[in-house]
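Listing of input11.cif, mmCIF, N, CA and C atoms
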data_work
loop_
_atom_site.label_atom_id
_atom_site.label_comp_id
_atom_site.auth_asym_id
_atom_site.auth_seq_id
_atom_site.Cartn_x
_atom_site.Cartn_y
_atom_site.Cartn_z
N MET A 1 -42.82 35.64 -63.33
CA MET A 1 -41.88 34.55 -63.31
C MET A 1 -42.65 33.24 -63.33
N ASN A 2 -42.23 32.33 -64.15
CA ASN A 2 -42.81 31.00 -64.16
C ASN A 2 -41.86 30.05 -63.46
N LEU A 3 -42.44 29.10 -62.73
CA LEU A 3 -41.66 28.12 -61.99
C LEU A 3 -42.35 26.78 -62.13
N VAL A 4 -41.60 25.76 -62.49
CA VAL A 4 -42.16 24.42 -62.65
C VAL A 4 -41.60 23.54 -61.54
N LEU A 5 -42.49 22.90 -60.80
CA LEU A 5 -42.08 22.02 -59.71
C LEU A 5 -42.63 20.62 -59.93
N GLU A 6 -41.83 19.65 -59.61
CA GLU A 6 -42.31 18.26 -59.59
C GLU A 6 -42.60 17.92 -58.14
N ILE A 7 -43.86 17.66 -57.83
CA ILE A 7 -44.22 17.33 -56.46
C ILE A 7 -44.89 15.96 -56.44
N PRO A 8 -44.82 15.28 -55.30
CA PRO A 8 -45.46 13.96 -55.20
C PRO A 8 -46.96 14.07 -55.41
N PRO A 9 -47.56 13.03 -56.00
CA PRO A 9 -49.01 13.05 -56.24
C PRO A 9 -49.83 13.26 -54.97
N GLU A 10 -49.35 12.74 -53.84
CA GLU A 10 -50.10 12.90 -52.59
C GLU A 10 -50.16 14.37 -52.19
N LEU A 11 -49.03 15.08 -52.34
CA LEU A 11 -49.01 16.50 -52.00
C LEU A 11 -49.88 17.29 -52.97
N GLU A 12 -49.84 16.94 -54.22
CA GLU A 12 -50.69 17.61 -55.20
C GLU A 12 -52.17 17.45 -54.84
N ALA A 13 -52.53 16.23 -54.44
CA ALA A 13 -53.93 15.98 -54.07
C ALA A 13 -54.33 16.80 -52.85
N GLU A 14 -53.43 16.89 -51.85
CA GLU A 14 -53.72 17.68 -50.65
C GLU A 14 -53.87 19.16 -50.99
N LEU A 15 -52.95 19.68 -51.80
CA LEU A 15 -53.02 21.09 -52.18
C LEU A 15 -54.28 21.39 -52.99
N THR A 16 -54.62 20.50 -53.90
CA THR A 16 -55.81 20.68 -54.73
C THR A 16 -57.07 20.67 -53.86
N ALA A 17 -57.13 19.74 -52.91
CA ALA A 17 -58.29 19.65 -52.04
C ALA A 17 -58.44 20.90 -51.17
N GLU A 18 -57.33 21.38 -50.62
CA GLU A 18 -57.39 22.57 -49.77
C GLU A 18 -57.76 23.81 -50.58
N ALA A 19 -57.21 23.92 -51.79
CA ALA A 19 -57.57 25.05 -52.65
C ALA A 19 -59.06 25.02 -52.98
N ALA A 20 -59.59 23.85 -53.27
CA ALA A 20 -61.02 23.72 -53.56
C ALA A 20 -61.86 24.08 -52.35
N ARG A 21 -61.42 23.66 -51.16
CA ARG A 21 -62.16 23.96 -49.94
C ARG A 21 -62.23 25.46 -49.71
N LEU A 22 -61.16 26.17 -50.07
CA LEU A 22 -61.12 27.62 -49.90
C LEU A 22 -61.72 28.36 -51.08
N GLY A 23 -62.09 27.62 -52.13
CA GLY A 23 -62.67 28.25 -53.31
C GLY A 23 -61.65 29.00 -54.15
N LEU A 24 -60.42 28.52 -54.14
CA LEU A 24 -59.35 29.18 -54.88
C LEU A 24 -58.82 28.29 -55.99
N PRO A 25 -58.38 28.87 -57.09
CA PRO A 25 -57.66 28.07 -58.09
C PRO A 25 -56.34 27.59 -57.46
N LEU A 26 -55.90 26.41 -57.86
CA LEU A 26 -54.68 25.85 -57.28
C LEU A 26 -53.49 26.79 -57.38
N PRO A 27 -53.21 27.42 -58.52
CA PRO A 27 -52.05 28.33 -58.58
C PRO A 27 -52.16 29.49 -57.58
N ASP A 28 -53.35 30.03 -57.38
CA ASP A 28 -53.53 31.12 -56.42
C ASP A 28 -53.27 30.64 -55.00
N TYR A 29 -53.75 29.44 -54.69
CA TYR A 29 -53.55 28.89 -53.35
C TYR A 29 -52.07 28.65 -53.08
N VAL A 30 -51.37 28.06 -54.04
CA VAL A 30 -49.94 27.79 -53.86
C VAL A 30 -49.16 29.10 -53.73
N LEU A 31 -49.53 30.10 -54.51
CA LEU A 31 -48.88 31.40 -54.40
C LEU A 31 -49.10 32.00 -53.02
N ARG A 32 -50.31 31.85 -52.50
CA ARG A 32 -50.61 32.34 -51.14
C ARG A 32 -49.73 31.62 -50.12
N LEU A 33 -49.57 30.31 -50.27
CA LEU A 33 -48.71 29.56 -49.35
C LEU A 33 -47.27 30.04 -49.40
N LEU A 34 -46.77 30.22 -50.61
CA LEU A 34 -45.39 30.67 -50.76
C LEU A 34 -45.19 32.06 -50.19
N ALA A 35 -46.11 32.95 -50.47
CA ALA A 35 -45.99 34.32 -49.97
C ALA A 35 -46.09 34.35 -48.45
N GLY A 36 -46.96 33.55 -47.89
CA GLY A 36 -47.15 33.53 -46.44
C GLY A 36 -45.99 32.92 -45.70
N SER A 37 -45.27 32.01 -46.33
CA SER A 37 -44.19 31.33 -45.63
C SER A 37 -42.94 32.20 -45.51
N ARG A 38 -42.84 33.25 -46.31
CA ARG A 38 -41.65 34.08 -46.25
C ARG A 38 -41.79 35.29 -45.36
N THR A 39 -42.98 35.53 -44.84
CA THR A 39 -43.16 36.68 -43.96
C THR A 39 -43.14 36.22 -42.51
N THR A 40 -42.58 37.03 -41.68
CA THR A 40 -42.60 36.74 -40.25
C THR A 40 -43.60 37.68 -39.62
N ARG A 41 -44.64 37.12 -39.09
CA ARG A 41 -45.69 37.92 -38.47
C ARG A 41 -45.65 37.71 -36.97
N SER A 42 -45.95 38.77 -36.26
CA SER A 42 -46.11 38.61 -34.83
C SER A 42 -47.52 38.07 -34.57
N ALA A 43 -47.68 37.44 -33.45
CA ALA A 43 -48.98 36.88 -33.11
C ALA A 43 -50.00 38.00 -32.95
N PRO A 44 -51.23 37.77 -33.39
CA PRO A 44 -52.28 38.78 -33.21
C PRO A 44 -52.44 39.11 -31.73
N ARG A 45 -52.59 40.40 -31.42
CA ARG A 45 -52.71 40.83 -30.03
C ARG A 45 -54.14 41.23 -29.66
N THR A 46 -54.95 41.51 -30.66
CA THR A 46 -56.33 41.93 -30.38
C THR A 46 -57.28 41.08 -31.21
N GLY A 47 -58.53 41.15 -30.87
CA GLY A 47 -59.54 40.44 -31.65
C GLY A 47 -59.58 40.92 -33.09
N ALA A 48 -59.40 42.22 -33.28
CA ALA A 48 -59.42 42.78 -34.64
C ALA A 48 -58.25 42.24 -35.46
N GLU A 49 -57.06 42.14 -34.84
CA GLU A 49 -55.89 41.60 -35.54
C GLU A 49 -56.10 40.13 -35.88
N LEU A 50 -56.71 39.38 -34.95
CA LEU A 50 -56.98 37.97 -35.19
C LEU A 50 -57.96 37.80 -36.34
N LEU A 51 -59.01 38.60 -36.34
CA LEU A 51 -59.99 38.54 -37.43
C LEU A 51 -59.35 38.89 -38.77
N ALA A 52 -58.50 39.92 -38.78
CA ALA A 52 -57.81 40.30 -40.01
C ALA A 52 -56.92 39.16 -40.50
N TYR A 53 -56.26 38.48 -39.58
CA TYR A 53 -55.41 37.34 -39.95
C TYR A 53 -56.26 36.23 -40.55
N TRP A 54 -57.37 35.90 -39.89
CA TRP A 54 -58.26 34.84 -40.40
C TRP A 54 -58.80 35.20 -41.78
N GLN A 55 -59.18 36.46 -41.97
CA GLN A 55 -59.67 36.88 -43.28
C GLN A 55 -58.58 36.76 -44.33
N GLY A 56 -57.36 37.16 -43.98
CA GLY A 56 -56.24 37.05 -44.90
C GLY A 56 -55.92 35.62 -45.29
N GLU A 57 -56.18 34.70 -44.38
CA GLU A 57 -55.93 33.28 -44.65
C GLU A 57 -57.12 32.60 -45.32
N GLY A 58 -58.19 33.34 -45.53
CA GLY A 58 -59.36 32.78 -46.19
C GLY A 58 -60.18 31.85 -45.31
N LEU A 59 -60.10 32.06 -44.00
CA LEU A 59 -60.79 31.17 -43.07
C LEU A 59 -62.19 31.63 -42.70
N VAL A 60 -62.45 32.91 -42.83
CA VAL A 60 -63.77 33.44 -42.46
C VAL A 60 -64.79 32.94 -43.48
N GLY A 61 -65.85 32.36 -42.97
CA GLY A 61 -66.92 31.87 -43.84
C GLY A 61 -66.73 30.44 -44.32
N THR A 62 -65.74 29.73 -43.77
CA THR A 62 -65.50 28.36 -44.21
C THR A 62 -66.29 27.34 -43.40
N ARG A 63 -67.07 27.79 -42.42
CA ARG A 63 -67.88 26.88 -41.62
C ARG A 63 -69.35 27.29 -41.69
N PRO A 64 -69.98 27.09 -42.86
CA PRO A 64 -71.37 27.55 -43.01
C PRO A 64 -72.36 26.82 -42.10
N GLU A 65 -71.95 25.67 -41.57
CA GLU A 65 -72.86 24.94 -40.67
C GLU A 65 -73.01 25.62 -39.32
N ILE A 66 -72.13 26.56 -38.99
CA ILE A 66 -72.24 27.32 -37.75
C ILE A 66 -73.08 28.56 -38.04
N THR A 67 -74.33 28.51 -37.64
CA THR A 67 -75.24 29.61 -37.96
C THR A 67 -75.30 30.65 -36.85
N ASP A 68 -74.94 30.26 -35.62
CA ASP A 68 -74.97 31.18 -34.49
C ASP A 68 -73.59 31.16 -33.82
N SER A 69 -72.71 32.05 -34.26
CA SER A 69 -71.32 32.06 -33.77
C SER A 69 -71.21 32.23 -32.26
N PRO A 70 -71.93 33.18 -31.65
CA PRO A 70 -71.81 33.33 -30.19
C PRO A 70 -72.24 32.06 -29.45
N ALA A 71 -73.30 31.41 -29.88
CA ALA A 71 -73.74 30.17 -29.22
C ALA A 71 -72.70 29.07 -29.40
N HIS A 72 -72.12 29.00 -30.58
CA HIS A 72 -71.08 27.99 -30.83
C HIS A 72 -69.86 28.26 -29.94
N ALA A 73 -69.46 29.51 -29.82
CA ALA A 73 -68.32 29.86 -28.96
C ALA A 73 -68.62 29.53 -27.51
N ARG A 74 -69.84 29.80 -27.04
CA ARG A 74 -70.23 29.46 -25.67
C ARG A 74 -70.14 27.97 -25.43
N ALA A 75 -70.64 27.19 -26.40
CA ALA A 75 -70.61 25.73 -26.26
C ALA A 75 -69.17 25.22 -26.20
N LEU A 76 -68.30 25.77 -27.02
CA LEU A 76 -66.89 25.36 -26.98
C LEU A 76 -66.25 25.72 -25.64
N ARG A 77 -66.54 26.92 -25.14
CA ARG A 77 -65.99 27.35 -23.86
C ARG A 77 -66.48 26.45 -22.73
N GLU A 78 -67.77 26.13 -22.72
CA GLU A 78 -68.33 25.24 -21.69
C GLU A 78 -67.72 23.85 -21.77
N GLN A 79 -67.53 23.36 -22.98
CA GLN A 79 -66.92 22.05 -23.16
C GLN A 79 -65.49 22.06 -22.62
N ALA A 80 -64.76 23.11 -22.89
CA ALA A 80 -63.37 23.20 -22.40
C ALA A 80 -63.34 23.29 -20.88
N GLN A 81 -64.30 23.97 -20.28
CA GLN A 81 -64.33 24.09 -18.83
C GLN A 81 -64.66 22.76 -18.16
N ARG A 82 -65.43 21.92 -18.82
CA ARG A 82 -65.79 20.61 -18.24
C ARG A 82 -64.70 19.56 -18.47
N ARG A 83 -63.76 19.85 -19.34
CA ARG A 83 -62.72 18.89 -19.68
C ARG A 83 -61.88 18.59 -18.44
N ALA A 84 -61.56 17.31 -18.26
CA ALA A 84 -60.74 16.89 -17.12
C ALA A 84 -59.32 17.41 -17.30
N ARG A 85 -58.76 17.88 -16.24
CA ARG A 85 -57.38 18.38 -16.27
C ARG A 85 -56.45 17.30 -15.72
N PRO A 86 -55.26 17.17 -16.32
CA PRO A 86 -54.32 16.14 -15.84
C PRO A 86 -53.72 16.47 -14.50
#
Now, as a test, write the supplied structure out as structure tokens.
Amino acid sequence: MNLVLEIPPELEAELTAEAARLGLPLPDYVLRLLAGSRTTRSAPRTGAELLAYWQGEGLVGTRPEITDSPAHARALREQAQRRARP
């Protein structure tokens, strides 16, 4: 099925930028968005489910500057623990 949409230039720019960031052609990225918006998923309950979700969303490997994941996670946890609570 072919579908033609007129979208604002700002939205087109955002979609194009996000598709490029994920390394996807724009039509594939938009199709992924449309397909994902019609499914109702329950929240991941385990680490494996969360990882599968992230992989499905194309998020795994998008932060190449993080070379040591466990150290990065420790630093984030320590930062959160030092954060002032209201």
Fill in: Residues returned when the PyMOL selection byres (((chain A and resi 55-65 and name CA) around 12) and name CA) runs on this file, as a PyMOL selection string
chain A and resi 18-24+28-29+32-33+35-37+48-54+66-69+72
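Between atom C of Arg74 in chain A and atom N of Gly47 in chain A the separation is 18.4 Å.
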Practice prompt. From the DSSP assignment of the backbone, select every residue of chain A that is helix (DSSP H, G or I), and format the answer as a PyMOL selection string.
Written response: chain A and resi 9-22+26-37+47-56+69-82
File of the preceding selection, N, CA and C atoms, as a CSV table (one decimal), in the frame of the given file:
chain,number,residue,atom,x,y,z
A,9,PRO,N,-47.6,13.0,-56.0
A,9,PRO,CA,-49.0,13.0,-56.2
A,9,PRO,C,-49.8,13.3,-55.0
A,10,GLU,N,-49.4,12.7,-53.8
A,10,GLU,CA,-50.1,12.9,-52.6
A,10,GLU,C,-50.2,14.4,-52.2
A,11,LEU,N,-49.0,15.1,-52.3
A,11,LEU,CA,-49.0,16.5,-52.0
A,11,LEU,C,-49.9,17.3,-53.0
A,12,GLU,N,-49.8,16.9,-54.2
A,12,GLU,CA,-50.7,17.6,-55.2
A,12,GLU,C,-52.2,17.4,-54.8
A,13,ALA,N,-52.5,16.2,-54.4
A,13,ALA,CA,-53.9,16.0,-54.1
A,13,ALA,C,-54.3,16.8,-52.8
A,14,GLU,N,-53.4,16.9,-51.8
A,14,GLU,CA,-53.7,17.7,-50.6
A,14,GLU,C,-53.9,19.2,-51.0
A,15,LEU,N,-53.0,19.7,-51.8
A,15,LEU,CA,-53.0,21.1,-52.2
A,15,LEU,C,-54.3,21.4,-53.0
A,16,THR,N,-54.6,20.5,-53.9
A,16,THR,CA,-55.8,20.7,-54.7
A,16,THR,C,-57.1,20.7,-53.9
A,17,ALA,N,-57.1,19.7,-52.9
A,17,ALA,CA,-58.3,19.6,-52.0
A,17,ALA,C,-58.4,20.9,-51.2
A,18,GLU,N,-57.3,21.4,-50.6
A,18,GLU,CA,-57.4,22.6,-49.8
A,18,GLU,C,-57.8,23.8,-50.6
A,19,ALA,N,-57.2,23.9,-51.8
A,19,ALA,CA,-57.6,25.0,-52.6
A,19,ALA,C,-59.1,25.0,-53.0
A,20,ALA,N,-59.6,23.8,-53.3
A,20,ALA,CA,-61.0,23.7,-53.6
A,20,ALA,C,-61.9,24.1,-52.4
A,21,ARG,N,-61.4,23.7,-51.2
A,21,ARG,CA,-62.2,24.0,-49.9
A,21,ARG,C,-62.2,25.5,-49.7
A,22,LEU,N,-61.2,26.2,-50.1
A,22,LEU,CA,-61.1,27.6,-49.9
A,22,LEU,C,-61.7,28.4,-51.1
A,26,LEU,N,-55.9,26.4,-57.9
A,26,LEU,CA,-54.7,25.8,-57.3
A,26,LEU,C,-53.5,26.8,-57.4
A,27,PRO,N,-53.2,27.4,-58.5
A,27,PRO,CA,-52.0,28.3,-58.6
A,27,PRO,C,-52.2,29.5,-57.6
A,28,ASP,N,-53.4,30.0,-57.4
A,28,ASP,CA,-53.5,31.1,-56.4
A,28,ASP,C,-53.3,30.6,-55.0
A,29,TYR,N,-53.8,29.4,-54.7
A,29,TYR,CA,-53.6,28.9,-53.4
A,29,TYR,C,-52.1,28.6,-53.1
A,30,VAL,N,-51.4,28.1,-54.0
A,30,VAL,CA,-49.9,27.8,-53.9
A,30,VAL,C,-49.2,29.1,-53.7
A,31,LEU,N,-49.5,30.1,-54.5
A,31,LEU,CA,-48.9,31.4,-54.4
A,31,LEU,C,-49.1,32.0,-53.0
A,32,ARG,N,-50.3,31.8,-52.5
A,32,ARG,CA,-50.6,32.3,-51.1
A,32,ARG,C,-49.7,31.6,-50.1
A,33,LEU,N,-49.6,30.3,-50.3
A,33,LEU,CA,-48.7,29.6,-49.4
A,33,LEU,C,-47.3,30.0,-49.4
A,34,LEU,N,-46.8,30.2,-50.6
A,34,LEU,CA,-45.4,30.7,-50.8
A,34,LEU,C,-45.2,32.1,-50.2
A,35,ALA,N,-46.1,33.0,-50.5
A,35,ALA,CA,-46.0,34.3,-50.0
A,35,ALA,C,-46.1,34.4,-48.4
A,36,GLY,N,-47.0,33.6,-47.9
A,36,GLY,CA,-47.2,33.5,-46.4
A,36,GLY,C,-46.0,32.9,-45.7
A,37,SER,N,-45.3,32.0,-46.3
A,37,SER,CA,-44.2,31.3,-45.6
A,37,SER,C,-42.9,32.2,-45.5
A,47,GLY,N,-58.5,41.2,-30.9
A,47,GLY,CA,-59.5,40.4,-31.6
A,47,GLY,C,-59.6,40.9,-33.1
A,48,ALA,N,-59.4,42.2,-33.3
A,48,ALA,CA,-59.4,42.8,-34.6
A,48,ALA,C,-58.2,42.2,-35.5
A,49,GLU,N,-57.1,42.1,-34.8
A,49,GLU,CA,-55.9,41.6,-35.5
A,49,GLU,C,-56.1,40.1,-35.9
A,50,LEU,N,-56.7,39.4,-35.0
A,50,LEU,CA,-57.0,38.0,-35.2
A,50,LEU,C,-58.0,37.8,-36.3
A,51,LEU,N,-59.0,38.6,-36.3
A,51,LEU,CA,-60.0,38.5,-37.4
A,51,LEU,C,-59.4,38.9,-38.8
A,52,ALA,N,-58.5,39.9,-38.8
A,52,ALA,CA,-57.8,40.3,-40.0
A,52,ALA,C,-56.9,39.2,-40.5
A,53,TYR,N,-56.3,38.5,-39.6
A,53,TYR,CA,-55.4,37.3,-40.0
A,53,TYR,C,-56.3,36.2,-40.6
A,54,TRP,N,-57.4,35.9,-39.9
A,54,TRP,CA,-58.3,34.8,-40.4
A,54,TRP,C,-58.8,35.2,-41.8
A,55,GLN,N,-59.2,36.5,-42.0
A,55,GLN,CA,-59.7,36.9,-43.3
A,55,GLN,C,-58.6,36.8,-44.3
A,56,GLY,N,-57.4,37.2,-44.0
A,56,GLY,CA,-56.2,37.0,-44.9
A,56,GLY,C,-55.9,35.6,-45.3
A,69,SER,N,-72.7,32.0,-34.3
A,69,SER,CA,-71.3,32.1,-33.8
A,69,SER,C,-71.2,32.2,-32.3
A,70,PRO,N,-71.9,33.2,-31.6
A,70,PRO,CA,-71.8,33.3,-30.2
A,70,PRO,C,-72.2,32.1,-29.4
A,71,ALA,N,-73.3,31.4,-29.9
A,71,ALA,CA,-73.7,30.2,-29.2
A,71,ALA,C,-72.7,29.1,-29.4
A,72,HIS,N,-72.1,29.0,-30.6
A,72,HIS,CA,-71.1,28.0,-30.8
A,72,HIS,C,-69.9,28.3,-29.9
A,73,ALA,N,-69.5,29.5,-29.8
A,73,ALA,CA,-68.3,29.9,-29.0
A,73,ALA,C,-68.6,29.5,-27.5
A,74,ARG,N,-69.8,29.8,-27.0
A,74,ARG,CA,-70.2,29.5,-25.7
A,74,ARG,C,-70.1,28.0,-25.4
A,75,ALA,N,-70.6,27.2,-26.4
A,75,ALA,CA,-70.6,25.7,-26.3
A,75,ALA,C,-69.2,25.2,-26.2
A,76,LEU,N,-68.3,25.8,-27.0
A,76,LEU,CA,-66.9,25.4,-27.0
A,76,LEU,C,-66.2,25.7,-25.6
A,77,ARG,N,-66.5,26.9,-25.1
A,77,ARG,CA,-66.0,27.4,-23.9
A,77,ARG,C,-66.5,26.4,-22.7
A,78,GLU,N,-67.8,26.1,-22.7
A,78,GLU,CA,-68.3,25.2,-21.7
A,78,GLU,C,-67.7,23.8,-21.8
A,79,GLN,N,-67.5,23.4,-23.0
A,79,GLN,CA,-66.9,22.0,-23.2
A,79,GLN,C,-65.5,22.1,-22.6
A,80,ALA,N,-64.8,23.1,-22.9
A,80,ALA,CA,-63.4,23.2,-22.4
A,80,ALA,C,-63.3,23.3,-20.9
A,81,GLN,N,-64.3,24.0,-20.3
A,81,GLN,CA,-64.3,24.1,-18.8
A,81,GLN,C,-64.7,22.8,-18.2
A,82,ARG,N,-65.4,21.9,-18.8
A,82,ARG,CA,-65.8,20.6,-18.2
A,82,ARG,C,-64.7,19.6,-18.5
Discussion item. What's the separation between atom N of Pro25 in chain A and atom C of Ile7 in chain A, in Å to one decimal place?
Written reply: 18.7 Å
Item to complete: Quick one: pull the distance between CA of Leu34 in chain A and atom N of Thr46 in chain A, Å, one decimal.
Response: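 Separating CA of Leu34 in chain A from atom N of Thr46 in chain A is a distance of 24.8 Å.
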